[in-house]
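K.L.:
So that you have it, the file is model09.cif, and it contains mmCIF, C-alpha atoms and all ligand atoms:
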```cif
data_my_file
loop_
_atom_site.group_PDB
_atom_site.id
_atom_site.type_symbol
_atom_site.label_atom_id
_atom_site.label_comp_id
_atom_site.auth_asym_id
_atom_site.auth_seq_id
_atom_site.Cartn_x
_atom_site.Cartn_y
_atom_site.Cartn_z
ATOM 1 C CA MET O 29 -18.061 -20.215 -4.264
ATOM 2 C CA LEU O 30 -19.300 -16.656 -4.002
ATOM 3 C CA PHE O 31 -19.338 -15.539 -7.637
ATOM 4 C CA ASP O 32 -22.159 -13.229 -8.601
ATOM 5 C CA ILE O 33 -21.927 -12.026 -12.189
ATOM 6 C CA ILE O 34 -24.119 -8.966 -11.560
ATOM 7 C CA ARG O 35 -21.923 -7.887 -8.653
ATOM 8 C CA ILE O 36 -18.799 -8.353 -10.766
ATOM 9 C CA LEU O 37 -20.323 -6.151 -13.482
ATOM 10 C CA ILE O 38 -21.267 -3.471 -10.931
ATOM 11 C CA GLY O 39 -17.726 -3.699 -9.524
ATOM 12 C CA PHE O 40 -16.307 -3.272 -13.012
ATOM 13 C CA VAL O 41 -18.388 -0.156 -13.720
ATOM 14 C CA LEU O 42 -17.614 1.413 -10.307
ATOM 15 C CA SER O 43 -13.886 0.668 -10.770
ATOM 16 C CA ILE O 44 -13.896 2.384 -14.158
ATOM 17 C CA ILE O 45 -15.574 5.485 -12.693
ATOM 18 C CA ILE O 46 -13.120 5.660 -9.764
ATOM 19 C CA ALA O 47 -10.036 4.947 -11.902
ATOM 20 C CA LEU O 48 -10.959 7.572 -14.493
ATOM 21 C CA THR O 49 -11.635 10.135 -11.750
ATOM 22 C CA ALA O 50 -8.251 9.376 -10.167
ATOM 23 C CA HIS O 51 -6.604 9.605 -13.587
ATOM 24 C CA ARG O 52 -8.188 13.012 -14.138
ATOM 25 C CA LEU O 53 -6.966 14.130 -10.676
ATOM 26 C CA LYS O 54 -3.476 12.878 -11.640
ATOM 27 C CA SER O 55 -3.376 10.253 -8.845
ATOM 28 C CA LEU O 56 -2.993 7.513 -11.458
ATOM 29 C CA ASN O 57 -1.332 7.511 -14.854
ATOM 30 C CA ARG O 58 -2.857 5.545 -17.729
ATOM 31 C CA SER O 59 -1.362 2.176 -16.704
ATOM 32 C CA GLY O 60 -2.210 2.903 -13.049
ATOM 33 C CA ALA O 61 -5.851 3.474 -14.005
ATOM 34 C CA PHE O 62 -5.853 0.106 -15.774
ATOM 35 C CA GLY O 63 -4.392 -1.506 -12.640
ATOM 36 C CA ALA O 64 -7.038 0.140 -10.462
ATOM 37 C CA ILE O 65 -9.824 -1.164 -12.726
ATOM 38 C CA LEU O 66 -8.364 -4.687 -12.521
ATOM 39 C CA VAL O 67 -7.834 -4.680 -8.729
ATOM 40 C CA GLY O 68 -11.102 -2.809 -8.109
ATOM 41 C CA THR O 69 -13.187 -5.183 -10.212
ATOM 42 C CA ILE O 70 -11.752 -8.226 -8.422
ATOM 43 C CA ILE O 71 -12.242 -6.753 -4.951
ATOM 44 C CA PHE O 72 -15.623 -5.024 -5.438
ATOM 45 C CA GLY O 73 -16.921 -7.823 -7.641
ATOM 46 C CA LEU O 74 -15.911 -10.735 -5.404
ATOM 47 C CA GLY O 75 -16.129 -9.109 -1.976
ATOM 48 C CA GLY O 76 -18.950 -6.585 -2.235
ATOM 49 C CA ILE O 77 -19.454 -3.592 0.020
ATOM 50 C CA THR O 78 -17.459 -4.802 3.060
ATOM 51 C CA PHE O 79 -14.395 -5.346 0.887
ATOM 52 C CA ALA O 80 -14.966 -2.132 -1.053
ATOM 53 C CA VAL O 81 -15.102 0.257 1.924
ATOM 54 C CA PRO O 82 -11.559 -0.260 3.348
ATOM 55 C CA LEU O 83 -10.151 -0.323 -0.220
ATOM 56 C CA LEU O 84 -11.815 3.009 -0.983
ATOM 57 C CA PHE O 85 -10.635 4.396 2.347
ATOM 58 C CA PHE O 86 -7.039 3.361 1.567
ATOM 59 C CA PHE O 87 -7.193 4.668 -1.998
ATOM 60 C CA ILE O 88 -8.846 8.011 -1.271
ATOM 61 C CA SER O 89 -6.780 8.754 1.864
ATOM 62 C CA GLY O 90 -3.523 7.824 0.093
ATOM 63 C CA SER O 91 -4.339 9.897 -2.984
ATOM 64 C CA THR O 92 -5.333 12.875 -0.831
ATOM 65 C CA LEU O 93 -2.174 12.688 1.299
ATOM 66 C CA SER O 94 0.008 12.503 -1.809
ATOM 67 C CA MET O 95 -1.341 15.917 -2.789
ATOM 68 C CA LEU O 96 0.084 17.448 0.398
ATOM 69 C CA GLN O 97 3.348 19.135 -0.538
ATOM 70 C CA ASN O 98 6.009 21.195 1.174
ATOM 71 C CA SER O 99 9.677 21.994 0.587
ATOM 72 C CA SER O 100 10.954 18.901 2.448
ATOM 73 C CA LYS O 101 8.782 16.603 0.355
ATOM 74 C CA ARG O 102 9.766 18.275 -2.904
ATOM 75 C CA ARG O 103 13.459 17.942 -1.988
ATOM 76 C CA SER O 104 13.062 14.239 -1.301
ATOM 77 C CA GLN O 105 11.663 13.652 -4.771
ATOM 78 C CA LYS O 106 15.153 12.951 -6.053
ATOM 79 C CA TYR O 107 15.383 9.811 -3.877
ATOM 80 C CA THR O 108 12.080 8.246 -4.639
ATOM 81 C CA ILE O 109 10.032 7.294 -7.644
ATOM 82 C CA ARG O 110 6.919 6.981 -5.530
ATOM 83 C CA LEU O 111 5.724 10.543 -5.968
ATOM 84 C CA GLY O 112 3.581 11.577 -8.891
ATOM 85 C CA PRO O 113 0.793 9.622 -10.617
ATOM 86 C CA ARG O 114 0.791 5.924 -9.635
ATOM 87 C CA THR O 115 1.725 3.367 -12.269
ATOM 88 C CA PHE O 116 0.320 -0.136 -12.846
ATOM 89 C CA ALA O 117 3.220 -1.679 -10.896
ATOM 90 C CA GLN O 118 2.608 0.618 -7.927
ATOM 91 C CA VAL O 119 -1.142 -0.034 -7.898
ATOM 92 C CA PHE O 120 -0.600 -3.786 -8.222
ATOM 93 C CA ALA O 121 2.064 -3.798 -5.469
ATOM 94 C CA ASN O 122 -0.394 -2.123 -3.086
ATOM 95 C CA GLY O 123 -3.656 -3.746 -4.158
ATOM 96 C CA GLY O 124 -2.546 -7.104 -5.608
ATOM 97 C CA PRO O 125 -2.054 -8.986 -2.319
ATOM 98 C CA ALA O 126 -5.466 -7.781 -1.074
ATOM 99 C CA ALA O 127 -6.995 -8.992 -4.358
ATOM 100 C CA VAL O 128 -5.415 -12.429 -3.812
ATOM 101 C CA PHE O 129 -7.173 -12.679 -0.439
ATOM 102 C CA ALA O 130 -10.465 -11.481 -1.984
ATOM 103 C CA ILE O 131 -10.176 -14.266 -4.583
ATOM 104 C CA ALA O 132 -9.462 -16.818 -1.830
ATOM 105 C CA TYR O 133 -12.539 -15.560 0.035
ATOM 106 C CA ALA O 134 -14.702 -15.955 -3.068
ATOM 107 C CA ILE O 135 -13.409 -19.473 -3.776
ATOM 108 C CA LYS O 136 -13.479 -20.775 -0.223
ATOM 109 C CA GLY O 137 -16.546 -18.839 0.943
ATOM 110 C CA ASN O 138 -14.984 -18.508 4.402
ATOM 111 C CA PRO O 139 -15.194 -14.967 5.883
ATOM 112 C CA ILE O 140 -11.917 -15.493 7.798
ATOM 113 C CA TRP O 141 -10.083 -14.601 4.552
ATOM 114 C CA PHE O 142 -11.452 -11.094 5.052
ATOM 115 C CA VAL O 143 -9.127 -10.670 8.061
ATOM 116 C CA GLY O 144 -6.125 -11.395 5.817
ATOM 117 C CA TYR O 145 -7.544 -9.110 3.137
ATOM 118 C CA LEU O 146 -7.952 -6.288 5.644
ATOM 119 C CA ALA O 147 -4.406 -6.758 6.996
ATOM 120 C CA CYS O 148 -3.029 -6.419 3.436
ATOM 121 C CA LEU O 149 -4.814 -3.080 3.097
ATOM 122 C CA CYS O 150 -3.788 -1.931 6.594
ATOM 123 C CA GLU O 151 -0.155 -2.533 5.579
ATOM 124 C CA ALA O 152 -0.520 -0.740 2.257
ATOM 125 C CA ALA O 153 -2.204 2.212 3.981
ATOM 126 C CA ALA O 154 0.466 2.282 6.712
ATOM 127 C CA ASP O 155 3.264 2.404 4.144
ATOM 128 C CA THR O 156 1.518 5.068 2.057
ATOM 129 C CA TRP O 157 0.623 7.295 5.016
ATOM 130 C CA ALA O 158 4.110 6.924 6.518
ATOM 131 C CA THR O 159 5.683 7.947 3.217
ATOM 132 C CA GLU O 160 3.346 10.808 2.378
ATOM 133 C CA ILE O 161 3.189 12.273 5.905
ATOM 134 C CA GLY O 162 6.740 11.339 6.956
ATOM 135 C CA MET O 163 8.226 13.163 3.976
ATOM 136 C CA LEU O 164 6.592 16.392 5.171
ATOM 137 C CA SER O 165 8.759 16.249 8.303
ATOM 138 C CA LYS O 166 11.484 18.901 8.473
ATOM 139 C CA SER O 167 13.765 16.707 10.560
ATOM 140 C CA SER O 168 15.938 13.970 9.102
ATOM 141 C CA PRO O 169 14.653 10.377 9.368
ATOM 142 C CA VAL O 170 16.905 7.523 10.516
ATOM 143 C CA SER O 171 17.604 4.089 9.065
ATOM 144 C CA ILE O 172 15.360 1.388 10.559
ATOM 145 C CA VAL O 173 18.421 -0.897 10.577
ATOM 146 C CA SER O 174 21.331 1.267 11.763
ATOM 147 C CA PHE O 175 19.442 4.280 13.239
ATOM 148 C CA LYS O 176 21.862 6.552 11.361
ATOM 149 C CA PRO O 177 20.374 9.676 9.729
ATOM 150 C CA MET O 178 19.097 9.086 6.184
ATOM 151 C CA PRO O 179 17.779 11.300 3.390
ATOM 152 C CA THR O 180 14.015 11.901 3.544
ATOM 153 C CA GLY O 181 12.002 9.644 1.265
ATOM 154 C CA GLN O 182 14.581 6.901 0.872
ATOM 155 C CA SER O 183 13.297 3.370 1.514
ATOM 156 C CA GLY O 184 14.198 2.102 4.974
ATOM 157 C CA ALA O 185 14.190 5.616 6.443
ATOM 158 C CA ILE O 186 11.795 6.036 9.350
ATOM 159 C CA SER O 187 10.640 9.074 11.321
ATOM 160 C CA LEU O 188 8.479 9.555 14.391
ATOM 161 C CA MET O 189 5.875 11.393 12.304
ATOM 162 C CA GLY O 190 5.844 8.629 9.687
ATOM 163 C CA THR O 191 5.546 5.881 12.303
ATOM 164 C CA VAL O 192 2.643 7.618 14.063
ATOM 165 C CA ALA O 193 1.028 8.078 10.634
ATOM 166 C CA SER O 194 1.375 4.373 9.819
ATOM 167 C CA LEU O 195 -0.153 3.390 13.161
ATOM 168 C CA ALA O 196 -3.068 5.767 12.529
ATOM 169 C CA ALA O 197 -3.467 4.382 8.998
ATOM 170 C CA THR O 198 -3.826 0.788 10.243
ATOM 171 C CA LEU O 199 -6.398 1.791 12.874
ATOM 172 C CA PHE O 200 -8.478 3.966 10.526
ATOM 173 C CA THR O 201 -8.439 1.360 7.738
ATOM 174 C CA MET O 202 -9.503 -1.342 10.192
ATOM 175 C CA ALA O 203 -12.226 0.945 11.626
ATOM 176 C CA SER O 204 -13.607 1.714 8.148
ATOM 177 C CA ALA O 205 -14.065 -2.022 7.561
ATOM 178 C CA ARG O 206 -15.591 -2.572 11.003
ATOM 179 C CA ILE O 207 -18.161 0.167 10.298
ATOM 180 C CA ALA O 208 -18.938 -1.294 6.847
ATOM 181 C CA VAL O 209 -19.733 -4.670 8.420
ATOM 182 C CA ASN O 210 -22.711 -3.068 10.182
ATOM 183 C CA PHE O 211 -24.423 -2.617 6.811
ATOM 184 C CA THR O 212 -24.117 -6.187 5.527
ATOM 185 C CA ASP O 213 -24.315 -9.762 6.774
ATOM 186 C CA SER O 214 -21.522 -11.254 4.637
ATOM 187 C CA ILE O 215 -18.885 -10.803 7.350
ATOM 188 C CA PRO O 216 -19.596 -11.772 10.997
ATOM 189 C CA HIS O 217 -19.500 -9.236 13.827
ATOM 190 C CA TRP O 218 -16.304 -10.720 15.230
ATOM 191 C CA PRO O 219 -14.959 -9.713 18.658
ATOM 192 C CA ILE O 220 -12.761 -6.609 18.543
ATOM 193 C CA SER O 221 -9.582 -8.706 19.028
ATOM 194 C CA ILE O 222 -10.001 -10.140 15.501
ATOM 195 C CA TRP O 223 -10.164 -6.625 14.065
ATOM 196 C CA PHE O 224 -7.122 -5.497 15.986
ATOM 197 C CA ALA O 225 -5.262 -8.597 14.742
ATOM 198 C CA ALA O 226 -5.687 -7.263 11.180
ATOM 199 C CA ALA O 227 -4.477 -3.778 12.184
ATOM 200 C CA TYR O 228 -1.563 -5.246 14.174
ATOM 201 C CA ALA O 229 -0.487 -7.505 11.287
ATOM 202 C CA GLY O 230 -0.650 -4.498 8.969
ATOM 203 C CA PHE O 231 1.547 -2.438 11.285
ATOM 204 C CA VAL O 232 4.092 -5.259 11.682
ATOM 205 C CA GLY O 233 4.090 -5.614 7.895
ATOM 206 C CA SER O 234 4.837 -1.910 7.466
ATOM 207 C CA ILE O 235 7.884 -2.276 9.754
ATOM 208 C CA LEU O 236 8.968 -5.272 7.674
ATOM 209 C CA ASP O 237 8.464 -3.079 4.594
ATOM 210 C CA SER O 238 10.995 -0.573 5.951
ATOM 211 C CA VAL O 239 13.476 -3.308 6.894
ATOM 212 C CA LEU O 240 13.242 -4.939 3.454
ATOM 213 C CA GLY O 241 13.544 -1.486 1.904
ATOM 214 C CA ALA O 242 16.685 -0.738 3.922
ATOM 215 C CA VAL O 243 18.408 -4.088 3.374
ATOM 216 C CA PHE O 244 17.377 -5.544 0.023
ATOM 217 C CA GLN O 245 15.978 -2.775 -2.129
ATOM 218 C CA GLY O 246 18.159 -1.564 -4.995
ATOM 219 C CA LEU O 247 19.648 1.928 -4.662
ATOM 220 C CA TYR O 248 21.356 3.663 -7.572
ATOM 221 C CA ARG O 249 23.634 6.602 -8.326
ATOM 222 C CA CYS O 250 23.175 8.522 -11.551
ATOM 223 C CA ARG O 251 26.300 8.308 -13.724
ATOM 224 C CA ASN O 252 25.524 11.733 -15.164
ATOM 225 C CA CYS O 253 24.391 14.034 -12.306
ATOM 226 C CA GLY O 254 25.460 11.907 -9.316
ATOM 227 C CA LYS O 255 22.034 11.884 -7.642
ATOM 228 C CA ILE O 256 21.077 8.902 -5.463
ATOM 229 C CA THR O 257 17.810 7.331 -6.602
ATOM 230 C CA GLU O 258 15.669 4.206 -6.239
ATOM 231 C CA ASP O 259 15.031 4.359 -9.966
ATOM 232 C CA LYS O 260 17.183 2.163 -12.223
ATOM 233 C CA SER O 261 17.745 5.033 -14.622
ATOM 234 C CA HIS O 262 18.273 8.766 -14.255
ATOM 235 C CA CYS O 263 18.999 11.556 -16.765
ATOM 236 C CA SER O 264 17.707 9.064 -19.396
ATOM 237 C CA GLN O 265 20.568 6.617 -18.825
ATOM 238 C CA LYS O 266 21.176 3.492 -16.719
ATOM 239 C CA ALA O 267 22.280 4.381 -13.161
ATOM 240 C CA ALA O 268 24.954 2.478 -11.196
ATOM 241 C CA ARG O 269 23.685 0.168 -8.426
ATOM 242 C CA ILE O 270 25.334 1.053 -5.129
ATOM 243 C CA LYS O 271 23.229 -1.088 -2.760
ATOM 244 C CA GLY O 272 20.625 -3.853 -2.593
ATOM 245 C CA ILE O 273 19.378 -6.369 -5.124
ATOM 246 C CA GLY O 274 18.545 -5.148 -8.608
ATOM 247 C CA LEU O 275 15.368 -7.237 -8.897
ATOM 248 C CA ILE O 276 13.939 -5.843 -5.672
ATOM 249 C CA ASN O 277 12.460 -2.398 -6.145
ATOM 250 C CA ASN O 278 9.957 -0.539 -3.985
ATOM 251 C CA ASP O 279 7.014 -2.273 -5.700
ATOM 252 C CA ALA O 280 8.424 -5.730 -4.892
ATOM 253 C CA VAL O 281 9.014 -4.684 -1.260
ATOM 254 C CA ASN O 282 5.453 -3.348 -0.996
ATOM 255 C CA PHE O 283 3.939 -6.467 -2.549
ATOM 256 C CA ILE O 284 5.858 -8.858 -0.269
ATOM 257 C CA SER O 285 5.130 -6.846 2.888
ATOM 258 C CA SER O 286 1.424 -6.535 2.162
ATOM 259 C CA LEU O 287 1.100 -10.233 1.326
ATOM 260 C CA LEU O 288 2.956 -11.264 4.494
ATOM 261 C CA SER O 289 0.695 -8.999 6.578
ATOM 262 C CA GLY O 290 -2.302 -10.936 5.308
ATOM 263 C CA VAL O 291 -0.627 -14.257 6.086
ATOM 264 C CA LEU O 292 0.371 -13.036 9.559
ATOM 265 C CA ALA O 293 -3.199 -11.910 10.333
ATOM 266 C CA LEU O 294 -4.619 -15.295 9.315
ATOM 267 C CA TRP O 295 -1.964 -17.044 11.378
ATOM 268 C CA ILE O 296 -2.841 -14.907 14.419
ATOM 269 C CA VAL O 297 -6.595 -15.558 14.186
ATOM 270 C CA ALA O 298 -6.093 -19.260 13.427
ATOM 271 C CA THR O 299 -3.915 -19.886 16.508
HETATM 272 ZN ZN ZN V 301 20.830 12.127 -13.189
#
```
What does this structure look like when you write it as structure tokens?
Ligand SMILES: [Zn+2]
P.N.:
Amino acid sequence: MLFDIIRILIGFVLSIIIALTAHRLKSLNRSGAFGAILVGTIIFGLGGITFAVPLLFFFISGSTLSMLQNSSKRRSQKYTIRLGPRTFAQVFANGGPAAVFAIAYAIKGNPIWFVGYLACLCEAAADTWATEIGMLSKSSPVSIVSFKPMPTGQSGAISLMGTVASLAATLFTMASARIAVNFTDSIPHWPISIWFAAAYAGFVGSILDSVLGAVFQGLYRCRNCGKITEDKSHCSQKAARIKGIGLINNDAVNFISSLLSGVLALWIVAT
């Protein structure tokens, strides 16, 4: 077991500082800040610096990209509830699976869990970058399932720009972790193939994320203004479900995809 009460306390304090800063910068709402403190304390506290670096890279890059705005992105706001300050559910969907792997690492004491942890973050970063950069694109994305044109920002819509962004996100997130390993001895200096396995699993997971988003995620039409939305309610009333499963929202899709990326990475390195 790798529990160090001092490190957990340091992780808790650092998480509070980062969450409050993000709250002030409007990247997180109040519940999102609470989620970030929870996820941050688990990951910093149990994993230390090597776990903290890729998490910070994901969080800071995602928050920065979400500040990029143009007319295409503003237009797509009516389809998605992902824009604006992140809520607890959104933070937990992106950081929860990684935290599960950090806990497994702390309990088992085996560094191989770090590969799964990193894949979870690579997936979360890929999805975030694809969304935030892809929505800036002026051209219409297509459905990952039918390849028919789709409205920008809707789950399951993919674009060339978004896909390149998600590939870049997996590689940069992986590289940030690989650099961090140079400054500690908690994680071995594995051959590069192990690191690419994490990035690859994250990228595959982000494709799965789009497929799940296209096929299973609930899509709704507002009974008042007629707008299509991923939110269950619009114009302060319940919207009509036109597609997908009501229980599966974007947060559920993100959580499942990130978790499966971690499992896939472990499966790759174990076989
Ligand atoms: Zn409405």
K.L.:
Could you give me, as a ChimeraX atom specification, every polymer residue with an atom at most 9 Å away from an atom of ligand ZN 301 (chain V), counting only C-alpha atoms and all ligand atoms?
P.N.:
/O:249-257,261-265,267
K.L.:
Of the candidates O:Gly290, O:Gly184, O:Gly112, O:Gly90, which shows the shortest atom-to-atom distance to Leu240 of chain O, using all atoms listed in the file?
P.N.:
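Closest residue, counting all atoms listed in the file: O:Gly184.
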K.L.:
Kindly resolve the PyMOL selection byres (((chain O and resi 40) around 12) and not hetatm) on the present coordinates and return the residues as a list in words.
P.N.:
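Selected by the PyMOL selection byres (((chain O and resi 40) around 12) and not hetatm) here: Ile33, Ile34, Arg35, Ile36, Leu37, Ile38, Gly39, Val41, Leu42, Ser43, Ile44, Ile45, Ile46, Ala47, Phe62, Ala64, Ile65, Leu66, Val67, Gly68, Thr69, Ile70, Ile71, Phe72, Gly73, Leu74 and Gly76 of chain O.
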K.L.:
Determine the residue set returned by the PyMOL selection byres (((chain O and resi 124-131) around 7) and not hetatm) for the present structure, and present it as a list of chain:residue names.
P.N.:
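Applied to this file, the PyMOL selection byres (((chain O and resi 124-131) around 7) and not hetatm) selects O:Val67, O:Ile70, O:Ile71, O:Leu74, O:Gly75, O:Phe120, O:Ala121, O:Asn122, O:Gly123, O:Ala132, O:Tyr133, O:Ala134, O:Ile135, O:Trp141, O:Gly144, O:Tyr145, O:Cys148, O:Leu149, O:Phe283, O:Ser286, O:Leu287.
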K.L.:
Given only C-alpha atoms as the basis, pick out the residue of O:Thr156, O:Gln245, O:Asn210, O:Ser165 nearest to Gly230 of chain O.
P.N.:
O:Thr156
K.L.:
Once 3 Å is added on each side, what are the centre and the three edge lengths, in Å to one decimal, of the axis-aligned box enclosing the listed atoms of segment 117-132 of chain O? Present them as AutoDock Vina command-line options.
P.N.:
```
--center_x -3.6 --center_y -8.1 --center_z -5.7 --size_x 19.7 --size_y 23.4 --size_z 16.5
```
K.L.:
Can you list what the PyMOL selection byres (((chain O and resi 197) around 12) and not hetatm) grabs from this structure, as number ranges by chain?
P.N.:
O: 82, 85-87, 89-90, 93, 147, 149-161, 190-196, 198-204, 227-228, 230-231, 234
K.L.:
Quick one: distance from atom CA of Val239 of chain O to atom CA of Ala225 of chain O in Å, one decimal?
P.N.:
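Going from atom CA of Val239 of chain O over to atom CA of Ala225 of chain O, I get 21.0 Å.
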K.L.:
What's the separation between atom CA of Gly63 of chain O and atom CA of Thr115 of chain O, in Å to one decimal place?
P.N.:
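Interatomic distance, atom CA of Gly63 of chain O to atom CA of Thr115 of chain O: 7.8 Å.
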K.L.:
Model the absent atoms of segment 114-131 of chain O so that N, CA and C atoms are present, and write the result as a CSV table (one decimal), in the frame of the given file.
P.N.:
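Saved to rebuild-v2.csv:
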```csv
chain,number,residue,atom,x,y,z
O,114,ARG,N,0.4,7.3,-9.8
O,114,ARG,CA,0.8,5.9,-9.6
O,114,ARG,C,0.7,5.1,-10.9
O,115,THR,N,1.7,4.2,-11.1
O,115,THR,CA,1.7,3.4,-12.3
O,115,THR,C,1.0,2.0,-12.0
O,116,PHE,N,0.9,1.2,-13.0
O,116,PHE,CA,0.3,-0.1,-12.8
O,116,PHE,C,1.1,-0.9,-11.8
O,117,ALA,N,2.4,-0.9,-11.9
O,117,ALA,CA,3.2,-1.7,-10.9
O,117,ALA,C,3.0,-1.2,-9.5
O,118,GLN,N,2.8,0.1,-9.3
O,118,GLN,CA,2.6,0.6,-7.9
O,118,GLN,C,1.2,0.2,-7.4
O,119,VAL,N,0.2,0.3,-8.3
O,119,VAL,CA,-1.1,0.0,-7.9
O,119,VAL,C,-1.2,-1.5,-7.6
O,120,PHE,N,-0.6,-2.3,-8.4
O,120,PHE,CA,-0.6,-3.8,-8.2
O,120,PHE,C,0.2,-4.2,-7.0
O,121,ALA,N,1.3,-3.5,-6.7
O,121,ALA,CA,2.1,-3.8,-5.5
O,121,ALA,C,1.3,-3.5,-4.2
O,122,ASN,N,0.4,-2.5,-4.3
O,122,ASN,CA,-0.4,-2.1,-3.1
O,122,ASN,C,-1.7,-2.9,-3.0
O,123,GLY,N,-2.3,-3.1,-4.2
O,123,GLY,CA,-3.7,-3.7,-4.2
O,123,GLY,C,-3.7,-5.2,-4.5
O,124,GLY,N,-2.6,-5.7,-5.1
O,124,GLY,CA,-2.5,-7.1,-5.6
O,124,GLY,C,-2.7,-8.1,-4.5
O,125,PRO,N,-1.9,-8.0,-3.4
O,125,PRO,CA,-2.1,-9.0,-2.3
O,125,PRO,C,-3.5,-9.0,-1.7
O,126,ALA,N,-4.1,-7.8,-1.6
O,126,ALA,CA,-5.5,-7.8,-1.1
O,126,ALA,C,-6.4,-8.5,-2.0
O,127,ALA,N,-6.2,-8.3,-3.3
O,127,ALA,CA,-7.0,-9.0,-4.4
O,127,ALA,C,-6.9,-10.5,-4.3
O,128,VAL,N,-5.6,-11.0,-4.0
O,128,VAL,CA,-5.4,-12.4,-3.8
O,128,VAL,C,-6.3,-13.0,-2.7
O,129,PHE,N,-6.4,-12.2,-1.6
O,129,PHE,CA,-7.2,-12.7,-0.4
O,129,PHE,C,-8.7,-12.6,-0.8
O,130,ALA,N,-9.1,-11.6,-1.6
O,130,ALA,CA,-10.5,-11.5,-2.0
O,130,ALA,C,-10.8,-12.7,-2.9
O,131,ILE,N,-9.9,-13.1,-3.7
O,131,ILE,CA,-10.2,-14.3,-4.6
O,131,ILE,C,-10.3,-15.5,-3.7
```
